[in-house]
>>> print(open('final02.txt').read())   # compact mmCIF, C-alpha atoms and all ligand atoms
# COMPACT_ATOMS: atom_id res chain seq x y z
CA MET A 251 94.61 86.41 150.75
CA GLN A 252 92.11 88.04 148.42
CA THR A 253 93.22 88.13 144.79
CA THR A 254 93.48 91.61 143.28
CA GLY A 255 93.88 93.12 139.83
CA THR A 256 97.48 93.93 140.71
CA HIS A 257 98.10 90.24 141.48
CA PHE A 258 96.74 89.35 138.05
CA ASN A 259 98.97 91.90 136.41
CA TYR A 260 102.14 90.85 138.26
CA TYR A 261 101.38 87.16 137.67
CA GLN A 262 101.81 87.83 133.95
CA VAL A 263 104.88 90.02 134.38
CA CYS A 264 106.93 87.98 136.87
CA LYS A 265 106.06 85.38 139.52
CA ARG A 266 108.82 86.71 141.77
CA LYS A 267 107.39 90.23 141.57
CA LEU A 268 103.96 88.83 142.46
CA TRP A 269 105.36 87.03 145.52
CA LEU A 270 107.39 90.04 146.73
CA PHE A 271 104.45 92.41 146.37
CA ALA A 272 101.92 90.04 147.97
CA ASN A 273 104.27 89.37 150.88
CA GLY A 274 104.53 93.05 151.74
CA ILE A 275 107.96 93.78 150.30
CA ASN A 276 107.40 97.10 148.61
CA MET A 277 110.08 99.25 147.07
CA GLU A 278 107.84 102.26 146.68
CA HIS A 279 105.24 103.93 148.85
CA THR A 280 102.61 103.03 146.35
CA SER A 281 102.38 100.27 143.78
CA ASP A 282 103.71 100.92 140.29
CA LEU A 283 100.26 100.38 138.86
CA VAL A 284 98.32 102.82 141.00
CA TYR A 285 100.96 105.50 140.58
CA GLU A 286 101.19 105.01 136.84
CA GLY A 287 97.43 105.10 136.26
CA ASN A 288 96.80 108.20 138.30
CA LEU A 289 99.75 110.12 136.93
CA ILE A 290 98.94 109.37 133.31
CA HIS A 291 95.31 110.20 133.93
CA GLU A 292 96.14 113.59 135.39
CA GLU A 293 98.57 114.42 132.60
CA SER A 294 96.50 113.13 129.71
CA TYR A 295 92.94 113.92 130.71
CA PRO A 296 93.07 117.02 132.91
CA GLN A 297 89.39 117.74 132.35
CA ARG A 298 87.96 114.19 132.33
CA SER A 299 84.74 114.65 134.10
CA SER A 300 82.87 113.22 136.99
CA LYS A 301 81.13 110.72 134.72
CA TYR A 302 83.67 108.24 136.07
CA GLU A 303 83.15 106.53 139.37
CA GLU A 304 85.67 104.83 141.59
CA VAL A 305 84.53 101.28 142.37
CA GLU A 306 85.96 98.95 144.98
CA MET A 307 84.77 95.35 145.38
CA ASP A 308 86.24 91.93 146.18
CA GLY A 309 89.79 93.25 146.43
CA ILE A 310 89.79 95.23 143.20
CA LYS A 311 89.79 99.00 142.83
CA VAL A 312 88.67 100.51 139.55
CA ASP A 313 89.47 104.20 139.20
CA PHE A 314 87.46 105.04 136.09
CA TYR A 315 84.14 103.29 135.71
CA ASP A 316 81.59 104.76 133.35
CA ALA A 317 78.43 103.30 134.93
CA ARG A 318 76.09 104.73 132.29
CA ASN A 319 77.83 102.96 129.42
CA LYS A 320 79.13 100.07 131.57
CA VAL A 321 82.74 100.62 130.57
CA ILE A 322 85.84 100.28 132.73
CA HIS A 323 88.70 102.49 131.53
CA GLU A 324 92.19 101.41 132.49
CA ILE A 325 94.91 103.92 131.69
CA LYS A 326 98.51 102.86 131.13
CA LYS A 327 101.66 104.54 130.01
CA SER A 328 103.46 101.93 127.97
CA ASP A 329 102.29 98.78 126.21
CA LYS A 330 105.45 96.84 127.08
CA VAL A 331 103.46 94.45 129.28
CA GLU A 332 100.22 94.62 127.34
CA LYS A 333 99.27 91.04 128.16
CA ALA A 334 99.46 91.85 131.87
CA HIS A 335 97.26 94.91 131.34
CA GLU A 336 94.73 92.81 129.42
CA TRP A 337 94.47 90.19 132.16
CA GLN A 338 94.23 92.80 134.90
CA LEU A 339 91.29 94.36 133.06
CA LYS A 340 89.70 90.98 132.28
CA TYR A 341 89.86 90.20 135.97
CA TYR A 342 88.00 93.45 136.71
CA LEU A 343 85.28 92.45 134.22
CA TYR A 344 85.12 89.02 135.85
CA VAL A 345 84.73 90.45 139.38
CA PHE A 346 82.03 92.87 138.20
CA GLU A 347 80.18 89.95 136.63
CA ARG A 348 80.60 87.83 139.78
CA ASN A 349 78.93 90.66 141.68
CA GLY A 350 75.95 90.79 139.33
CA ILE A 351 77.13 93.58 137.02
CA ALA A 352 77.14 91.79 133.66
CA GLY A 353 77.81 93.13 130.17
CA VAL A 354 80.67 95.41 131.17
CA THR A 355 83.35 96.21 128.58
CA GLY A 356 86.92 97.26 129.23
CA ILE A 357 88.98 99.83 127.38
CA LEU A 358 92.73 99.86 127.77
CA GLU A 359 94.04 103.32 127.04
CA TYR A 360 97.59 104.31 126.23
CA PRO A 361 97.27 108.10 125.85
CA VAL A 362 100.99 108.61 125.34
CA LEU A 363 100.92 106.15 122.43
CA ARG A 364 97.49 107.38 121.23
CA LYS A 365 96.26 103.81 121.32
CA THR A 366 93.21 102.07 122.80
CA GLU A 367 92.16 98.44 122.98
CA THR A 368 88.72 97.04 123.77
CA ILE A 369 88.70 94.14 126.21
CA LEU A 370 85.89 91.59 126.43
CA LEU A 371 85.48 88.50 128.57
CA SER A 372 85.00 85.15 126.82
CA ASP A 373 84.02 81.77 128.31
CA ILE A 374 87.62 80.60 127.84
CA ASP A 375 88.81 83.71 129.72
CA ARG A 376 86.48 82.88 132.61
CA GLU A 377 87.92 79.37 132.86
CA THR A 378 91.47 80.68 132.53
CA ILE A 379 90.85 83.21 135.30
CA LEU A 380 89.75 80.43 137.66
CA THR A 381 92.98 78.53 136.94
CA MET A 382 95.08 81.67 137.28
CA GLU A 383 93.43 82.56 140.60
CA LYS A 384 94.45 79.17 142.00
CA GLU A 385 98.02 79.53 140.73
CA ILE A 386 98.27 83.09 142.09
CA GLN A 387 97.13 81.91 145.53
CA ALA A 388 99.65 79.02 145.45
CA ILE A 389 102.49 81.41 144.59
CA ILE A 390 101.69 84.06 147.18
CA GLU A 391 101.10 81.54 149.95
CA SER A 392 104.36 79.72 149.24
CA GLU A 393 107.08 80.00 151.90
CA VAL A 394 109.66 80.39 149.16
CA CYS A 395 110.16 83.41 146.92
CA PRO A 396 110.31 82.34 143.24
CA PRO A 397 113.82 82.55 141.77
CA LEU A 398 115.08 85.55 139.88
CA GLU A 399 114.52 85.41 136.15
CA LYS A 400 116.28 87.89 133.95
CA LYS A 401 113.65 89.58 131.82
CA ARG A 402 113.55 92.61 129.56
CA ILE A 403 111.15 94.22 132.00
CA CYS A 404 113.57 93.95 134.97
CA LYS A 405 115.25 97.30 134.27
CA SER A 406 111.98 99.15 134.71
CA CYS A 407 110.78 97.08 137.67
CA SER A 408 110.66 98.66 141.13
CA TYR A 409 112.38 95.52 142.53
CA TYR A 410 115.38 95.82 140.21
CA ASP A 411 117.81 96.89 142.95
CA PHE A 412 116.42 94.25 145.29
CA CYS A 413 116.90 91.51 142.69
CA PHE A 414 120.15 92.59 141.08
CA SER A 415 122.21 94.53 143.66
CA ARG A 416 124.17 91.45 144.71
CA GLU A 417 124.89 90.53 141.11
CA GLU A 418 126.25 94.00 140.40
CA GLU A 419 128.59 93.76 143.40
CA GLU A 420 130.01 90.47 142.13
S1 LIG E 1 113.50 92.80 138.76
FE1 LIG E 1 112.94 91.20 137.30
S2 LIG E 1 113.12 89.26 138.46
FE2 LIG E 1 113.04 90.94 139.95
S3 LIG E 1 110.89 91.11 140.50
FE3 LIG E 1 111.27 92.58 138.88
S4 LIG E 1 110.75 91.52 136.97
FE4 LIG E 1 110.98 89.95 138.59
>>> encode(input="final02.txt", output="structure tokens", more="lines below")
Ligand code: SF4
Amino acid sequence: MQTTGTHFNYYQVCKRKLWLFANGINMEHTSDLVYEGNLIHEESYPQRSSKYEEVEMDGIKVDFYDARNKVIHEIKKSDKVEKAHEWQLKYYLYVFERNGIAGVTGILEYPVLRKTETILLSDIDRETILTMEKEIQAIIESEVCPPLEKKRICKSCSYYDFCFSREEEE
């Protein structure tokens, strides 16, 4: 299966979430990430112009690419899983580079928090991404769903009922 930015994000958040999502078990019509990005964009930047392009390549889909300035904007609501957001965006930069578009910068935007973070790709990141890609593929191709791990993020995860409904009954 082709690795996507969502896989990179979920890999950081929870291996079980990654496996469930990649194996077609979806609790919502659309992924949390796509929904969140589009909703926040509409609410926060109602008149953001057409300077942004939508780019799809190698399994990733970037909603806001500023081709003139070579900047990918990734819009998020909360910074609770900031590390996951950073790696998702680094993976976008990596895929752009792999397709011959070098020198692209990422900007993580949290309009609700009035916060932005610039994301760059280092040589160590490139090596780490290669390792992560292999681990992501091993997880999603496994016959076995990774075990439940209680995390702070569980309560806001779309798989919460799936993971915890039996526990609540007991
Ligand atoms: S509810 Fe928790 S354990 Fe279950 S998939 Fe989500 S983050 Fe992982």
>>> atom_distance(input="final02.txt", atom1="CA of Thr381 (chain A)", atom2="CA of Lys320 (chain A)")
26.2 Å
>>> closest_atom_pairs(input="final02.txt", of="chain A", to="ligand LIG 1 (chain E)", cutoff="12 Å", atoms="all atoms listed in the file", output="CSV")
residue,atom,partner,partner_atom,distance
A:Asn259,CA,E:LIG1,S4,11.8
A:Tyr260,CA,E:LIG1,S4,8.7
A:Tyr261,CA,E:LIG1,FE4,10.0
A:Gln262,CA,E:LIG1,S4,10.1
A:Val263,CA,E:LIG1,S4,6.6
A:Cys264,CA,E:LIG1,FE4,4.8
A:Lys265,CA,E:LIG1,FE4,6.8
A:Arg266,CA,E:LIG1,S3,5.0
A:Lys267,CA,E:LIG1,S3,3.8
A:Leu268,CA,E:LIG1,S3,7.6
A:Trp269,CA,E:LIG1,S3,8.5
A:Leu270,CA,E:LIG1,S3,7.2
A:Phe271,CA,E:LIG1,S3,8.8
A:Ala272,CA,E:LIG1,S3,11.7
A:Ile275,CA,E:LIG1,S3,10.6
A:Asn276,CA,E:LIG1,S3,10.7
A:Met277,CA,E:LIG1,S3,10.5
A:Asp282,CA,E:LIG1,FE3,11.3
A:Val331,CA,E:LIG1,S4,11.0
A:Cys395,CA,E:LIG1,S3,10.1
A:Pro396,CA,E:LIG1,S2,8.9
A:Pro397,CA,E:LIG1,S2,7.5
A:Leu398,CA,E:LIG1,S2,4.4
A:Glu399,CA,E:LIG1,S2,4.7
A:Lys400,CA,E:LIG1,S2,5.7
A:Lys401,CA,E:LIG1,FE1,5.8
A:Arg402,CA,E:LIG1,FE1,7.9
A:Ile403,CA,E:LIG1,S4,5.7
A:Cys404,CA,E:LIG1,FE1,3.7
A:Lys405,CA,E:LIG1,S1,6.6
A:Ser406,CA,E:LIG1,S1,7.7
A:Cys407,CA,E:LIG1,FE3,4.7
A:Ser408,CA,E:LIG1,FE3,6.5
A:Tyr409,CA,E:LIG1,S1,4.8
A:Tyr410,CA,E:LIG1,S1,3.8
A:Asp411,CA,E:LIG1,S1,7.3
A:Phe412,CA,E:LIG1,FE2,7.1
A:Cys413,CA,E:LIG1,FE2,4.8
A:Phe414,CA,E:LIG1,S1,7.0
A:Ser415,CA,E:LIG1,S1,10.1
A:Glu417,CA,E:LIG1,S1,11.8
>>> residues_near_point(input="final02.txt", point="(85.8, 94.0, 131.1)", cutoff="8 Å", atoms="all atoms listed in the file", output="ChimeraX atom specification")
/A:321-322,339-344,354-357,369-371
>>> write_last_selection(input="final02.txt", atoms="C-alpha atoms", output="mmCIF file, in the frame of the given file")
data_model
loop_
_atom_site.group_PDB
_atom_site.id
_atom_site.type_symbol
_atom_site.label_atom_id
_atom_site.label_comp_id
_atom_site.auth_asym_id
_atom_site.auth_seq_id
_atom_site.Cartn_x
_atom_site.Cartn_y
_atom_site.Cartn_z
ATOM 1 C CA VAL A 321 82.740 100.620 130.570
ATOM 2 C CA ILE A 322 85.840 100.280 132.730
ATOM 3 C CA LEU A 339 91.290 94.360 133.060
ATOM 4 C CA LYS A 340 89.700 90.980 132.280
ATOM 5 C CA TYR A 341 89.860 90.200 135.970
ATOM 6 C CA TYR A 342 88.000 93.450 136.710
ATOM 7 C CA LEU A 343 85.280 92.450 134.220
ATOM 8 C CA TYR A 344 85.120 89.020 135.850
ATOM 9 C CA VAL A 354 80.670 95.410 131.170
ATOM 10 C CA THR A 355 83.350 96.210 128.580
ATOM 11 C CA GLY A 356 86.920 97.260 129.230
ATOM 12 C CA ILE A 357 88.980 99.830 127.380
ATOM 13 C CA ILE A 369 88.700 94.140 126.210
ATOM 14 C CA LEU A 370 85.890 91.590 126.430
ATOM 15 C CA LEU A 371 85.480 88.500 128.570
#
>>> atom_distance(input="final02.txt", atom1="CA of Leu380 (chain A)", atom2="CA of Lys333 (chain A)")
17.1 Å
>>> closest_residue(input="final02.txt", among="A:Ile351, A:Ala317, A:Val312, A:Lys330", to="Ser300 (chain A)", atoms="all atoms listed in the file")
A:Ala317
>>> decode(input="final02.txt", residues="region 342-405 of chain A", atoms="C-alpha atoms", output="compact mmCIF listing (two decimals), in the first residue's frame")
# COMPACT_ATOMS: atom_id res chain seq x y z
CA TYR A 342 4.92 16.17 2.21
CA LEU A 343 8.21 18.06 1.80
CA TYR A 344 9.99 14.75 1.28
CA VAL A 345 7.55 13.58 -1.42
CA PHE A 346 7.78 16.93 -3.21
CA GLU A 347 11.57 16.63 -3.18
CA ARG A 348 11.41 13.01 -4.40
CA ASN A 349 9.39 14.30 -7.35
CA GLY A 350 11.94 16.95 -8.24
CA ILE A 351 10.40 19.92 -6.41
CA ALA A 352 13.22 20.87 -4.05
CA GLY A 353 13.52 23.79 -1.63
CA VAL A 354 9.93 23.67 -0.42
CA THR A 355 9.14 24.93 3.08
CA GLY A 356 6.21 23.95 5.26
CA ILE A 357 4.16 26.16 7.53
CA LEU A 358 1.98 24.59 10.19
CA GLU A 359 -0.84 26.94 11.05
CA TYR A 360 -3.04 26.88 14.12
CA PRO A 361 -5.41 29.79 13.44
CA VAL A 362 -7.49 29.14 16.54
CA LEU A 363 -4.35 29.39 18.69
CA ARG A 364 -2.88 32.20 16.55
CA LYS A 365 0.29 30.17 16.17
CA THR A 366 2.44 29.13 13.20
CA GLU A 367 5.51 26.92 12.92
CA THR A 368 7.95 26.69 10.03
CA ILE A 369 8.91 23.15 9.03
CA LEU A 370 12.10 22.29 7.17
CA LEU A 371 13.54 18.96 6.08
CA SER A 372 17.00 17.99 7.36
CA ASP A 373 19.24 15.09 6.29
CA ILE A 374 18.41 13.33 9.56
CA ASP A 375 14.68 13.79 8.80
CA ARG A 376 15.18 12.20 5.38
CA GLU A 377 16.80 9.15 6.95
CA THR A 378 14.16 8.99 9.67
CA ILE A 379 11.40 9.13 7.06
CA LEU A 380 12.88 6.12 5.26
CA THR A 381 12.87 4.15 8.52
CA MET A 382 9.37 5.31 9.40
CA GLU A 383 8.06 4.36 5.95
CA LYS A 384 9.31 0.80 6.47
CA GLU A 385 7.76 0.60 9.94
CA ILE A 386 4.46 2.04 8.69
CA GLN A 387 4.31 -0.57 5.92
CA ALA A 388 5.10 -3.37 8.42
CA ILE A 389 2.28 -2.21 10.72
CA ILE A 390 -0.38 -1.80 8.06
CA GLU A 391 0.46 -5.08 6.36
CA SER A 392 0.37 -7.01 9.64
CA GLU A 393 -2.49 -9.51 10.07
CA VAL A 394 -2.85 -8.39 13.66
CA CYS A 395 -4.25 -5.08 14.89
CA PRO A 396 -1.86 -3.48 17.43
CA PRO A 397 -3.17 -3.64 21.00
CA LEU A 398 -5.10 -0.84 22.61
CA GLU A 399 -2.99 1.67 24.48
CA LYS A 400 -4.67 4.15 26.74
CA LYS A 401 -3.52 7.59 25.70
CA ARG A 402 -4.59 11.14 26.47
CA ILE A 403 -5.61 11.51 22.85
CA CYS A 404 -8.05 8.55 22.97
CA LYS A 405 -11.01 10.67 24.11
